[in-house]
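File shown here: start_29.tsv, holding TSV, C-alpha atoms.
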chain	number	residue	atom	x	y	z
A	22	MET	CA	174.77	21.02	-9.72
A	23	THR	CA	175.44	21.59	-6.10
A	24	GLN	CA	172.85	22.94	-3.67
A	25	PRO	CA	173.73	26.14	-1.77
A	26	PRO	CA	173.96	25.74	2.02
A	27	PRO	CA	170.91	26.63	4.04
A	28	GLY	CA	170.80	30.10	5.33
A	29	TYR	CA	170.84	30.98	9.09
A	30	PRO	CA	169.10	33.97	10.63
A	31	GLU	CA	171.26	36.89	11.22
A	32	TYR	CA	171.57	38.44	14.69
A	33	PRO	CA	171.07	42.13	15.17
A	34	GLU	CA	174.11	44.21	15.49
A	35	TYR	CA	174.75	46.24	18.66
A	36	PRO	CA	176.29	49.63	18.46
A	37	GLN	CA	179.99	49.66	19.06
A	38	GLN	CA	181.31	52.14	21.65
A	39	SER	CA	184.87	53.09	21.99
A	40	ALA	CA	184.80	53.29	25.81
A	41	GLN	CA	182.27	52.17	28.32
A	42	VAL	CA	180.34	55.03	29.88
A	43	PRO	CA	179.36	54.59	33.57
A	44	PRO	CA	175.67	54.65	34.32
A	45	GLN	CA	174.23	57.91	35.32
A	46	TYR	CA	172.41	57.99	38.76
A	47	PRO	CA	170.19	60.72	40.04
A	48	GLN	CA	172.08	63.36	41.97
A	49	GLN	CA	169.43	63.77	44.72
A	50	GLN	CA	169.72	61.55	47.84
A	51	PRO	CA	166.65	59.55	48.67
A	52	GLN	CA	164.62	60.86	51.62
A	53	PRO	CA	164.21	58.59	54.64
A	54	PRO	CA	160.76	57.24	55.15
A	55	THR	CA	158.48	59.19	57.43
A	56	TYR	CA	156.91	57.57	60.46
A	57	PRO	CA	153.72	58.53	62.25
A	58	GLN	CA	154.12	61.05	64.97
A	59	THR	CA	154.12	59.62	68.49
A	60	PRO	CA	152.18	61.33	71.31
A	61	TYR	CA	155.45	62.16	72.98
A	62	ALA	CA	157.05	65.43	71.86
A	63	TYR	CA	160.69	66.10	72.38
A	64	PRO	CA	161.52	69.45	73.88
A	65	GLN	CA	163.33	71.91	71.71
A	66	ALA	CA	166.38	73.55	73.09
A	67	PRO	CA	166.54	77.31	72.78
A	68	GLN	CA	168.95	78.73	70.31
A	69	GLY	CA	172.54	78.90	71.46
A	70	SER	CA	172.14	76.26	74.19
A	71	ALA	CA	173.20	72.65	74.39
A	72	PRO	CA	170.83	70.18	72.89
A	73	ILE	CA	168.43	68.51	75.28
A	74	PRO	CA	168.58	64.73	75.25
A	75	PRO	CA	165.34	63.11	74.33
A	76	GLN	CA	162.99	62.23	77.16
A	77	TYR	CA	161.48	58.78	77.10
A	78	PRO	CA	158.22	57.97	78.79
A	79	GLN	CA	158.64	56.31	82.18
A	80	THR	CA	156.86	52.99	82.27
A	81	PRO	CA	156.57	51.00	85.51
A	82	PRO	CA	158.45	47.73	85.53
A	83	GLN	CA	156.21	44.88	84.73
A	84	ALA	CA	155.95	42.07	87.24
A	85	PRO	CA	157.16	38.71	86.01
A	86	LEU	CA	154.50	36.48	84.73
A	87	THR	CA	153.27	34.13	87.43
A	88	PRO	CA	150.95	31.24	87.12
A	89	PRO	CA	147.35	32.04	88.05
A	90	ALA	CA	146.73	31.72	91.76
A	91	GLN	CA	144.68	28.78	92.81
A	92	ALA	CA	141.30	29.47	94.33
A	93	PRO	CA	141.45	29.31	98.16
A	94	ALA	CA	139.93	26.26	99.70
A	95	PRO	CA	136.52	26.93	101.19
A	96	ALA	CA	136.64	27.54	104.95
A	97	PRO	CA	135.05	24.82	107.05
A	98	ALA	CA	131.60	25.63	108.27
A	99	ALA	CA	131.57	27.11	111.76
A	100	LYS	CA	130.38	24.70	114.39
A	101	PRO	CA	127.19	25.99	115.95
A	102	ALA	CA	127.16	26.78	119.64
A	103	PRO	CA	125.71	24.07	121.89
A	104	SER	CA	122.75	26.28	122.70
A	105	GLU	CA	121.87	26.52	118.98
A	106	ASP	CA	122.81	23.03	117.76
A	107	PRO	CA	119.66	20.96	117.09
A	108	ASN	CA	121.80	17.83	116.65
A	109	HIS	CA	123.25	17.98	120.15
A	110	PRO	CA	122.34	14.86	122.16
A	111	ASN	CA	120.92	17.04	124.95
A	112	HIS	CA	118.78	19.14	122.64
A	113	ILE	CA	115.03	18.93	123.25
A	114	ASN	CA	112.00	19.93	121.21
A	115	THR	CA	110.38	23.08	122.57
A	116	ASP	CA	107.53	23.41	120.10
A	117	ALA	CA	104.40	24.78	121.70
A	118	ARG	CA	101.80	22.21	122.54
A	119	ARG	CA	98.74	21.80	124.69
A	120	VAL	CA	99.48	22.35	128.38
A	121	HIS	CA	97.64	20.65	131.24
A	122	ILE	CA	97.80	22.73	134.42
A	123	ALA	CA	97.81	20.75	137.67
A	124	SER	CA	95.26	21.64	140.32
A	125	GLN	CA	97.98	21.95	142.99
A	126	GLN	CA	100.69	24.35	141.98
A	127	ARG	CA	102.79	24.25	145.14
A	128	HIS	CA	103.28	22.30	148.32
A	129	THR	CA	105.45	22.50	151.40
A	130	ASP	CA	107.65	19.44	151.75
A	131	ALA	CA	109.55	18.23	154.81
A	132	THR	CA	112.67	20.21	154.02
A	133	ALA	CA	110.71	23.49	153.91
A	134	VAL	CA	109.04	22.72	157.24
A	135	GLY	CA	112.36	21.72	158.78
A	136	ASN	CA	113.92	24.92	157.53
A	137	LEU	CA	111.25	27.01	159.25
A	138	LEU	CA	111.61	25.08	162.51
A	139	LEU	CA	115.37	25.54	162.53
A	140	TYR	CA	114.96	29.27	162.12
A	141	LEU	CA	112.71	29.41	165.19
A	142	PRO	CA	115.54	30.15	167.70
A	143	ASN	CA	116.77	32.96	165.46
A	144	PHE	CA	113.21	34.26	165.21
A	145	LEU	CA	112.80	34.38	169.00
A	146	CYS	CA	116.09	36.18	169.44
A	147	SER	CA	115.07	38.68	166.77
A	148	LEU	CA	111.74	39.15	168.51
A	149	ALA	CA	113.59	39.98	171.74
A	150	VAL	CA	115.79	42.47	169.91
A	151	VAL	CA	112.80	44.13	168.24
A	152	GLY	CA	111.02	44.27	171.62
A	153	LEU	CA	113.97	46.06	173.20
A	154	PHE	CA	114.17	48.45	170.27
A	155	SER	CA	110.43	49.17	170.35
A	156	ALA	CA	110.74	50.29	173.99
A	157	PHE	CA	112.07	53.60	172.69
A	158	PHE	CA	108.66	54.28	171.10
A	159	GLY	CA	106.73	54.14	174.35
A	160	LYS	CA	103.07	53.40	173.77
A	161	LEU	CA	103.71	52.54	170.12
A	162	ALA	CA	106.00	49.66	171.01
A	163	PHE	CA	103.30	47.07	170.33
A	164	VAL	CA	102.62	48.62	166.91
A	165	VAL	CA	106.31	48.39	166.01
A	166	ILE	CA	106.35	44.69	166.88
A	167	LEU	CA	103.22	44.04	164.79
A	168	LEU	CA	104.68	45.88	161.82
A	169	TRP	CA	107.82	43.78	162.02
A	170	LEU	CA	105.79	40.56	162.16
A	171	ALA	CA	103.72	41.63	159.14
A	172	SER	CA	106.79	42.62	157.14
A	173	GLY	CA	107.44	38.98	156.27
A	174	ALA	CA	104.67	39.16	153.68
A	175	LEU	CA	106.87	41.47	151.61
A	176	VAL	CA	108.85	38.47	150.35
A	177	PHE	CA	105.83	37.67	148.15
A	178	HIS	CA	105.28	41.28	147.04
A	179	ARG	CA	106.26	41.63	143.37
A	180	PRO	CA	107.89	45.12	143.58
A	181	THR	CA	109.81	44.00	146.67
A	182	GLU	CA	110.90	40.87	144.85
A	183	SER	CA	112.14	42.96	141.94
A	184	ALA	CA	114.15	45.17	144.29
A	185	LEU	CA	115.54	42.05	145.96
A	186	ALA	CA	116.54	40.58	142.59
A	187	ARG	CA	118.31	43.74	141.48
A	188	ARG	CA	119.99	44.86	144.71
A	189	LEU	CA	120.86	41.64	146.53
A	190	LEU	CA	121.02	39.02	143.79
A	191	HIS	CA	122.38	41.36	141.06
A	192	LEU	CA	119.91	40.12	138.44
A	193	ARG	CA	118.42	41.93	135.46
A	194	TYR	CA	115.61	41.41	132.99
A	195	PRO	CA	116.58	39.41	129.88
A	196	THR	CA	117.09	41.17	126.56
A	197	PRO	CA	114.72	40.38	123.67
A	198	GLN	CA	117.28	37.95	122.21
A	199	GLU	CA	117.75	36.25	125.58
A	200	ARG	CA	114.02	36.10	126.13
A	201	ALA	CA	113.59	34.40	122.75
A	202	LYS	CA	115.92	31.64	124.01
A	203	ILE	CA	114.74	31.25	127.56
A	204	GLU	CA	110.97	31.45	127.23
A	205	PRO	CA	110.49	28.35	125.00
A	206	VAL	CA	112.66	26.34	127.40
A	207	TRP	CA	110.74	27.61	130.42
A	208	ARG	CA	107.44	26.83	128.69
A	209	GLU	CA	108.59	23.25	128.11
A	210	VAL	CA	109.65	22.85	131.75
A	211	THR	CA	106.43	24.23	133.20
A	212	ALA	CA	104.33	22.24	130.72
A	213	ARG	CA	105.88	18.98	131.91
A	214	ALA	CA	105.37	20.00	135.55
A	215	GLY	CA	101.79	21.17	135.03
A	216	VAL	CA	102.69	24.60	136.42
A	217	GLU	CA	101.53	27.98	135.18
A	218	GLY	CA	104.79	29.47	133.96
A	219	ARG	CA	103.48	33.02	133.85
A	220	ASN	CA	103.35	33.07	137.65
A	221	TYR	CA	107.14	33.34	137.71
A	222	GLU	CA	109.57	36.01	136.53
A	223	LEU	CA	112.67	35.10	134.54
A	224	TRP	CA	115.89	36.96	135.30
A	225	VAL	CA	119.49	36.84	134.05
A	226	GLU	CA	122.74	37.26	135.97
A	227	ASP	CA	125.74	38.72	134.14
A	228	SER	CA	128.13	35.97	135.15
A	229	ASN	CA	130.46	33.60	133.32
A	230	GLY	CA	129.75	30.81	135.80
A	231	LEU	CA	127.29	27.97	135.51
A	232	ASN	CA	124.61	28.75	138.08
A	233	ALA	CA	120.93	29.47	138.64
A	234	VAL	CA	118.84	30.77	141.51
A	235	ALA	CA	115.30	30.48	142.87
A	236	ALA	CA	114.34	33.19	145.35
A	237	ALA	CA	111.33	34.61	147.12
A	238	GLY	CA	108.04	33.47	145.66
A	239	HIS	CA	108.42	34.06	141.92
A	240	ILE	CA	112.08	34.62	140.94
A	241	VAL	CA	113.90	32.21	138.62
A	242	GLY	CA	117.31	33.40	137.47
A	243	VAL	CA	120.05	31.89	135.31
A	244	THR	CA	123.52	33.11	134.46
A	245	ARG	CA	124.45	34.44	131.04
A	246	PHE	CA	126.87	31.52	130.62
A	247	ALA	CA	124.14	28.95	131.23
A	248	LEU	CA	121.83	30.72	128.78
A	249	ASN	CA	124.35	31.02	125.93
A	250	GLU	CA	126.57	27.95	126.34
A	251	LEU	CA	124.31	25.12	127.50
A	252	PRO	CA	122.16	23.09	125.11
A	253	ASN	CA	118.51	23.85	125.66
A	254	GLY	CA	117.99	20.44	127.28
A	255	GLU	CA	120.62	21.15	129.93
A	256	LEU	CA	119.25	24.66	130.41
A	257	ALA	CA	115.82	23.09	130.91
A	258	ALA	CA	117.28	20.73	133.53
A	259	VAL	CA	118.77	23.67	135.43
A	260	MET	CA	115.48	25.57	135.33
A	261	ALA	CA	113.51	22.46	136.32
A	262	HIS	CA	115.80	22.15	139.34
A	263	GLU	CA	115.02	25.75	140.35
A	264	LEU	CA	111.31	25.15	139.77
A	265	GLY	CA	111.60	22.23	142.20
A	266	HIS	CA	112.77	24.68	144.87
A	267	HIS	CA	109.66	26.78	144.25
A	268	VAL	CA	107.04	24.03	144.14
A	269	GLY	CA	108.59	22.40	147.23
A	270	GLY	CA	108.51	25.62	149.25
A	271	HIS	CA	112.30	25.80	149.68
A	272	ALA	CA	112.70	29.27	148.19
A	273	TRP	CA	110.08	31.14	150.21
A	274	SER	CA	110.78	29.32	153.50
A	275	GLY	CA	114.50	30.03	153.28
A	276	LEU	CA	113.97	33.72	152.53
A	277	LEU	CA	111.28	34.07	155.20
A	278	GLY	CA	113.50	32.49	157.84
A	279	TYR	CA	116.42	34.69	156.84
A	280	TRP	CA	114.25	37.81	157.03
A	281	TYR	CA	112.97	37.13	160.55
A	282	ALA	CA	116.48	36.21	161.73
A	283	LEU	CA	117.95	39.47	160.43
A	284	PRO	CA	117.42	41.62	163.62
A	285	GLY	CA	119.12	38.98	165.75
A	286	ARG	CA	122.04	38.77	163.29
A	287	MET	CA	122.45	42.53	163.33
A	288	ALA	CA	122.40	42.63	167.14
A	289	TRP	CA	125.00	39.85	167.29
A	290	ARG	CA	127.32	41.76	164.94
A	291	VAL	CA	126.96	44.91	167.03
A	292	LEU	CA	127.76	43.04	170.24
A	293	LYS	CA	130.72	41.31	168.59
A	294	THR	CA	132.14	44.62	167.35
A	295	VAL	CA	131.68	46.30	170.75
A	296	SER	CA	133.36	43.37	172.51
A	297	VAL	CA	136.37	43.45	170.19
A	298	VAL	CA	136.77	47.22	170.61
A	299	ALA	CA	136.47	46.94	174.41
A	300	PHE	CA	139.05	44.17	174.50
A	301	HIS	CA	141.57	46.23	172.51
A	302	VAL	CA	140.98	49.26	174.74
A	303	SER	CA	141.38	47.15	177.89
A	304	ARG	CA	144.82	46.02	176.79
A	305	ALA	CA	146.05	49.54	177.49
A	306	PHE	CA	145.30	48.99	181.19
A	307	GLY	CA	147.21	45.72	181.41
A	308	CYS	CA	145.97	42.41	182.71
A	309	PHE	CA	143.56	44.05	185.13
A	310	GLY	CA	141.71	45.82	182.34
A	311	VAL	CA	141.49	42.68	180.21
A	312	ALA	CA	140.16	40.66	183.14
A	313	PHE	CA	137.58	43.34	183.88
A	314	VAL	CA	136.27	43.33	180.30
A	315	VAL	CA	136.17	39.54	180.22
A	316	MET	CA	134.14	39.48	183.44
A	317	ILE	CA	131.66	42.05	182.11
A	318	VAL	CA	131.16	40.27	178.79
A	319	GLY	CA	130.98	36.88	180.44
A	320	GLY	CA	128.40	38.10	182.96
A	321	LEU	CA	126.20	39.54	180.24
A	322	ALA	CA	126.44	36.34	178.21
A	323	PHE	CA	125.55	34.18	181.23
A	324	ALA	CA	122.61	36.41	182.11
A	325	THR	CA	121.33	36.28	178.53
A	326	ILE	CA	121.65	32.50	178.31
A	327	SER	CA	119.94	31.93	181.65
A	328	THR	CA	117.17	34.41	180.89
A	329	LEU	CA	116.43	32.86	177.48
A	330	TYR	CA	116.67	29.30	178.83
A	331	GLY	CA	119.78	28.44	176.88
A	332	LEU	CA	118.32	29.55	173.57
A	333	PRO	CA	121.53	31.31	172.41
A	334	LEU	CA	123.41	28.03	172.72
A	335	LEU	CA	121.03	26.46	170.23
A	336	ILE	CA	121.79	29.26	167.79
A	337	LEU	CA	125.42	28.13	167.65
A	338	GLY	CA	124.36	24.82	166.14
A	339	VAL	CA	121.68	26.22	163.83
A	340	PRO	CA	124.04	26.96	160.86
A	341	TYR	CA	125.11	23.30	160.68
A	342	ALA	CA	121.54	22.07	160.85
A	343	LEU	CA	120.42	24.57	158.21
A	344	ALA	CA	123.25	23.46	155.92
A	345	ALA	CA	122.14	19.81	156.28
A	346	VAL	CA	118.53	20.74	155.44
A	347	GLY	CA	119.77	22.79	152.49
A	348	ARG	CA	121.67	19.81	151.11
A	349	ARG	CA	118.51	17.74	151.39
A	350	ALA	CA	116.56	20.43	149.56
A	351	GLU	CA	119.06	20.29	146.69
A	352	LEU	CA	118.55	16.55	146.35
A	353	ARG	CA	114.78	17.07	146.33
A	354	ALA	CA	115.11	19.64	143.56
A	355	ASP	CA	117.32	17.23	141.58
A	356	GLU	CA	114.65	14.54	141.89
A	357	HIS	CA	112.00	16.99	140.70
A	358	ALA	CA	113.99	17.76	137.54
A	359	ALA	CA	114.75	14.07	136.96
A	360	ALA	CA	111.08	13.10	137.32
A	361	LEU	CA	110.25	15.52	134.50
A	362	GLY	CA	112.60	13.64	132.16
A	363	PHE	CA	115.71	15.78	132.53
A	364	ALA	CA	117.90	13.26	134.40
A	365	PRO	CA	120.51	12.78	131.60
A	366	MET	CA	120.74	16.54	131.03
A	367	LEU	CA	121.08	17.23	134.75
A	368	ALA	CA	123.83	14.60	135.05
A	369	SER	CA	125.70	16.35	132.24
A	370	VAL	CA	125.39	19.69	134.04
A	371	LEU	CA	126.67	18.13	137.27
A	372	ASP	CA	129.63	16.72	135.36
A	373	LYS	CA	130.49	20.20	134.05
A	374	LEU	CA	130.24	21.64	137.55
A	375	HIS	CA	132.50	18.90	138.86
A	376	GLN	CA	135.10	19.62	136.16
A	377	GLY	CA	135.00	23.30	137.05
A	378	GLU	CA	135.62	22.47	140.72
A	379	GLN	CA	138.55	20.26	139.78
A	380	HIS	CA	140.11	23.04	137.69
A	381	GLU	CA	139.68	25.48	140.57
A	382	GLN	CA	141.30	23.05	142.99
A	383	ALA	CA	144.20	22.54	140.56
A	384	ALA	CA	144.67	26.32	140.34
A	385	GLN	CA	144.65	26.62	144.15
A	386	THR	CA	147.20	23.80	144.38
A	387	ALA	CA	149.45	25.60	141.88
A	388	ARG	CA	149.20	28.84	143.84
A	389	ASN	CA	150.01	26.92	147.02
A	390	GLY	CA	153.29	25.66	145.61
A	391	GLY	CA	152.03	22.25	144.54
A	392	VAL	CA	150.60	21.36	147.94
A	393	PRO	CA	146.96	20.23	147.58
A	394	VAL	CA	144.42	22.24	149.55
A	395	GLU	CA	142.20	19.94	151.57
A	396	GLU	CA	138.71	21.02	152.52
A	397	SER	CA	138.19	20.93	156.26
A	398	ALA	CA	135.48	18.82	157.87
A	399	LEU	CA	133.89	21.97	159.30
A	400	SER	CA	133.55	23.57	155.88
A	401	LYS	CA	131.96	20.38	154.55
A	402	LEU	CA	129.38	20.50	157.33
A	403	LEU	CA	128.58	24.11	156.46
A	404	SER	CA	128.24	23.44	152.71
A	405	SER	CA	124.73	24.10	151.39
A	406	HIS	CA	125.12	21.75	148.40
A	407	PRO	CA	125.91	18.03	148.35
A	408	ASP	CA	129.05	16.84	146.64
A	409	TYR	CA	129.07	15.63	143.04
A	410	HIS	CA	129.10	11.92	143.82
A	411	THR	CA	126.16	12.16	146.23
A	412	ARG	CA	123.99	14.00	143.73
A	413	LEU	CA	124.90	11.62	140.92
A	414	HIS	CA	124.15	8.63	143.15
A	415	HIS	CA	120.60	9.88	143.79
A	416	LEU	CA	120.06	10.27	140.03
A	417	GLN	CA	120.97	6.67	139.19
A	418	GLN	CA	117.42	5.39	139.50
A	419	TYR	CA	116.35	7.88	136.80
A	420	LEU	CA	119.33	7.21	134.55
A	421	GLN	CA	118.91	3.43	134.39
A	422	PRO	CA	116.72	2.12	131.56
A	423	GLN	CA	113.26	1.08	132.63
A	424	ARG	CA	112.58	-2.64	132.55
A	425	PRO	CA	109.64	-3.69	130.40
A	426	TYR	CA	106.78	-5.28	132.31

Have the structure of the file written as structure tokens, please.
Amino acid sequence: MTQPPPGYPEYPEYPQQSAQVPPQYPQQQPQPPTYPQTPYAYPQAPQGSAPIPPQYPQTPPQAPLTPPAQAPAPAPAAKPAPSEDPNHPNHINTDARRVHIASQQRHTDATAVGNLLLYLPNFLCSLAVVGLFSAFFGKLAFVVILLWLASGALVFHRPTESALARRLLHLRYPTPQERAKIEPVWREVTARAGVEGRNYELWVEDSNGLNAVAAAGHIVGVTRFALNELPNGELAAVMAHELGHHVGGHAWSGLLGYWYALPGRMAWRVLKTVSVVAFHVSRAFGCFGVAFVVMIVGGLAFATISTLYGLPLLILGVPYALAAVGRRAELRADEHAAALGFAPMLASVLDKLHQGEQHEQAAQTARNGGVPVEESALSKLLSSHPDYHTRLHHLQQYLQPQRPY
């Protein structure tokens, strides 16, 4: 008997459609997604008008990206001024220390005595002029002469010195900042010299030149340039030089001689002016008038010379002799500063002065069309200061190292 074949599962039957029906979709169109409202609102056009285009916010153009700027290199430290640089070779220590005051503060050296002797002819001429002037006062003539003789003491009178410093020398008192610079230097100078520094008054001249002055009995002045531009050692050398003029008697003897020669100088200027005016007036009368004036002036000059035993002739040579004594006084003051230990600083100052003179000569040569201007022999004889090489030569003994014994 045969076995029936195995049975297979039957698949479900799907409904049979006569025609395929298209799928039905919803009739409503999908709504676009909504977005969050931006802070910018578009304006609405009024009804019946053209639509307004949308306004977009104006944003500034952005700069292109650049690499970060590198940090600037630090600026080099400013070089301190020579007057404030403690590492300058001519800087000195001005710390206060014990001061030993010498028993003799001043003396009168040979140059001061020679200066007074050379002013003697001028003094006698001034005395004659004052005597003639006092004749107008009758019985008080002798009193006028005595008052003039006693007036020389005013050069040591402090208020008179202050007036002299302000009016004639154009000096002023230092400011607090300037005094803070100058007083320690002056204390160091006077301490080395054994001099009481408070006996002198410090003044400042508003000048851009390198200079200093010692006048009357107590005036020591420096220029603003020397105070602000020189190292304190070089400033000390300059002030020590001026102190040498004071302790040697150069300052007061020079001013005293000038004061007593002033009446004679004034009389000479008056006579010179009158003679020049008379000569110009005489030219209107021809040769006869000129000859007449020359005879009158010549007769008066001869009578004066014979009456004063030739003293006016000596006055003609006094300026040259005074200039020679003044040059010697400068060398003495240099030696005073060098003996206090300021020889190298003073040599440096002299070198700066020499360079300034060379620049001035070069400028004069340029103004003269390239032709060098030579100093005359007469002007050299009338110079009150020695030349650079002479002063440096006298400092050599202080600049050379000391030999050990």

Kindly compute an axis-aligned box around the listed atoms of stretch 166-171 of chain A, allowing 4 Å on each side, and express its centre and edge lengths in Å to one decimal as JSON.
{"center_x": 105.5, "center_y": 43.2, "center_z": 163.0, "size_x": 12.6, "size_y": 13.3, "size_z": 15.7}

List as CSV every residue of stretch 105-160 of chain A that is in contact with stretch 259-271 of chain A, defined as an atom at most 9 Å from one of its atoms (using all atoms listed in the file), together with the nearest atom pair and the distance in Å rounded to one decimal, sorted by chain and then rising number.
residue,atom,partner,partner_atom,distance
A:Gln126,CA,A:Val268,CA,6.7
A:Arg127,CA,A:Val268,CA,4.4
A:His128,CA,A:Gly269,CA,5.4
A:Thr129,CA,A:Gly270,CA,4.9
A:Asp130,CA,A:Gly269,CA,5.5
A:Ala131,CA,A:Gly269,CA,8.7
A:Thr132,CA,A:His271,CA,7.1
A:Ala133,CA,A:His271,CA,5.1
A:Val134,CA,A:Gly270,CA,8.5
A:Asn136,CA,A:His271,CA,8.1

Please provide as a list in words all residues within 12 Å of A:Ser369, with the sequence filter that same-chain residues fewer than 2 positions apart are discarded (counting all atoms listed in the file). Pro110, Asn111, Leu251, Pro252, Gly254, Glu255, Leu256, Ala258, Val259, Phe363, Ala364, Pro365, Met366, Leu367, Leu371, Asp372, Lys373, Leu374, His375, Gln376, Tyr409, Arg412, Leu413, Leu416 and Leu420 of chain A

Determine, counting only C-alpha atoms, which protein, DNA and RNA residues have an atom within 12 Å of an atom of A:Val302; residues of the same chain fewer than 6 positions away are not included. Present the result as a list in words. Val295, Ser296, Cys308, Phe309, Gly310, Val311, Phe313 and Val314 of chain A

Export C-alpha atoms of the chosen residues as a PDB file, in the frame of the given file?
ATOM      1  CA  VAL A 295     131.680  46.300 170.750  1.00  0.00           C
ATOM      2  CA  SER A 296     133.360  43.370 172.510  1.00  0.00           C
ATOM      3  CA  CYS A 308     145.970  42.410 182.710  1.00  0.00           C
ATOM      4  CA  PHE A 309     143.560  44.050 185.130  1.00  0.00           C
ATOM      5  CA  GLY A 310     141.710  45.820 182.340  1.00  0.00           C
ATOM      6  CA  VAL A 311     141.490  42.680 180.210  1.00  0.00           C
ATOM      7  CA  PHE A 313     137.580  43.340 183.880  1.00  0.00           C
ATOM      8  CA  VAL A 314     136.270  43.330 180.300  1.00  0.00           C
TER       9      VAL A 314
END

Test item: residues at most 9 Å from A:Ala214, all atoms listed in the file, excluding those fewer than 5 positions along its chain, as a PDB file with C-alpha atoms, in the coordinates of the input:
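File written: part27.pdb
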ATOM      1  CA  HIS A 121      97.640  20.650 131.240  1.00  0.00           C
ATOM      2  CA  ILE A 122      97.800  22.730 134.420  1.00  0.00           C
ATOM      3  CA  ALA A 123      97.810  20.750 137.670  1.00  0.00           C
ATOM      4  CA  GLU A 209     108.590  23.250 128.110  1.00  0.00           C
ATOM      5  CA  ALA A 261     113.510  22.460 136.320  1.00  0.00           C
ATOM      6  CA  LEU A 264     111.310  25.150 139.770  1.00  0.00           C
ATOM      7  CA  HIS A 357     112.000  16.990 140.700  1.00  0.00           C
ATOM      8  CA  LEU A 361     110.250  15.520 134.500  1.00  0.00           C
TER       9      LEU A 361
END

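Between A:Pro142 and the residues A:His239, A:Arg286, A:Arg219, A:His191, the shortest atom-to-atom distance, using only C-alpha atoms, involves A:Arg286.
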
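Between atom CA of A:Glu250 and atom CA of A:Pro195 there is a distance of 15.6 Å.
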
As an exercise, work out the distance from atom CA of A:Gly230 to atom CA of A:Pro103 in Å and give it to one decimal place. 16.0 Å

So the first atom is atom CA of A:Ser397 and the second is atom CA of A:Arg348; what is the distance between them in Å, to one decimal place? 17.3 Å

So which residues touch A:Ala344 within 9 Å, counting all atoms listed in the file, skipping near sequence neighbours fewer than 4 positions away, as a ChimeraX atom specification? /A:339-340,348-349,402-406

Spatial neighbours of stretch 273-282 of chain A, 6 Å, only C-alpha atoms, chain gap at least 2 places, as a PyMOL selection string: chain A and resi 133+140+143-144+147+237-238+270-271+284-285
